[in-house]
Amino acid sequence: MEIGVLALQGAFREHRKLLKDCGTKSREIRKPEELEGISGLIIPGGESTTIGKLMVDFGLLEPIKELANQGLPIFGTCAGLVLLAKEIEGSSQPRLGLMDMEVVRNGFRRQVESFEADLEIS
């Protein structure tokens, strides 16, 4: 079993490391022919409009949709989930449209407004 990780932009290296740590083989996917023989696909977080545009530019959008329709499991994190949605509120960006849901990009504000904080928890 080998899992494909869409490697156009975003956190694909981190996803591959986690798969390796779990003992699962993976490969980076950048071209349609690299989809052949995978057992599943992960679409990582990153910037969904950029990833969507690159999927179109690299000819991956339709082959991924076709594989999904044939039963290939696809998992999306963050931007990957946005790209799986049928509807993206206020956006006509390229997407796979495989999940019957509507998402709101940056629903909790933009990433540049994110932060980390140390918490004391008893």
# chains A, B, ... in the order shown; residues from 1 in each chain; ligands from 1
call {"tool": "residues_around", "arguments": {"residues": "segment 61-68 of chain A", "least_positions_apart": "2", "cutoff": "9 Å", "atoms": "only C-alpha atoms", "output": "number ranges by chain"}}
result
A: 32, 35, 41, 52, 54-59, 70-74, 94-98
call {"tool": "write_last_selection", "arguments": {"atoms": "C-alpha atoms", "output": "short mmCIF file (atom, residue, chain, number, x, y, z; two decimals), in the first residue's frame"}}
result
data_model
loop_
_atom_site.label_atom_id
_atom_site.label_comp_id
_atom_site.auth_asym_id
_atom_site.auth_seq_id
_atom_site.Cartn_x
_atom_site.Cartn_y
_atom_site.Cartn_z
CA PRO A 32 -1.19 12.79 -13.32
CA LEU A 35 -1.35 8.89 -9.31
CA LEU A 41 -4.51 10.43 -1.55
CA GLY A 52 -6.43 24.61 -6.89
CA LEU A 54 -1.73 24.37 -9.63
CA MET A 55 -4.00 21.30 -9.89
CA VAL A 56 -5.46 22.85 -13.04
CA ASP A 57 -2.05 23.91 -14.42
CA PHE A 58 -0.54 20.44 -13.82
CA GLY A 59 -3.58 18.59 -15.20
CA GLN A 70 -13.77 5.03 -8.85
CA GLY A 71 -13.53 4.79 -5.05
CA LEU A 72 -10.05 6.11 -4.21
CA PRO A 73 -10.06 7.36 -0.59
CA ILE A 74 -9.07 11.03 -0.35
CA PRO A 94 -10.88 25.60 -8.78
CA ARG A 95 -11.91 22.71 -6.51
CA LEU A 96 -12.56 19.01 -6.64
CA GLY A 97 -16.14 19.36 -5.40
CA LEU A 98 -16.25 15.80 -4.07
#
call {"tool": "closest_residue", "arguments": {"among": "A:Leu60, A:Ala11, A:Val82, A:Leu119", "to": "Lys31 of chain A", "atoms": "only C-alpha atoms"}}
result
A:Leu60
call {"tool": "select_by_dssp", "arguments": {"residues": "segment 6-111 of chain A", "states": "strand (DSSP E or B)", "output": "list in words"}}
result
Leu6, Lys25, Ser26, Arg27, Glu28, Ile29, Gly40, Leu41, Ile42, Ile43, Ile74, Phe75, Gly76, Ala85, Lys86, Glu87, Ile88, Met99, Asp100, Met101, Glu102 and Val103 of chain A
call {"tool": "residues_around", "arguments": {"residues": "Ala79 of chain A", "least_positions_apart": "2", "cutoff": "9 Å", "atoms": "only C-alpha atoms", "output": "ChimeraX atom specification"}}
result
/A:10,43-49,51,76-77,81-84,105
call {"tool": "atom_distance", "arguments": {"atom1": "atom CA of Gly37 of chain A", "atom2": "atom CA of Gly80 of chain A"}}
result
20.8 Å
call {"tool": "residues_around", "arguments": {"residues": "segment 99-103 of chain A", "least_positions_apart": "4", "cutoff": "7 Å", "atoms": "only C-alpha atoms", "output": "PyMOL selection string"}}
result
chain A and resi 82+84-89
call {"tool": "select_by_dssp", "arguments": {"residues": "chain A", "states": "alpha helix (DSSP H)", "output": "PyMOL selection string"}}
result
chain A and resi 12-21+48-57+61-69+79-84
call {"tool": "closest_residue", "arguments": {"among": "A:Gln93, A:Ser122, A:Ser39, A:Thr24", "to": "Lys53 of chain A", "atoms": "only C-alpha atoms"}}
result
A:Gln93
call {"tool": "atom_distance", "arguments": {"atom1": "atom CA of Glu33 of chain A", "atom2": "atom CA of Arg16 of chain A"}}
result
19.0 Å
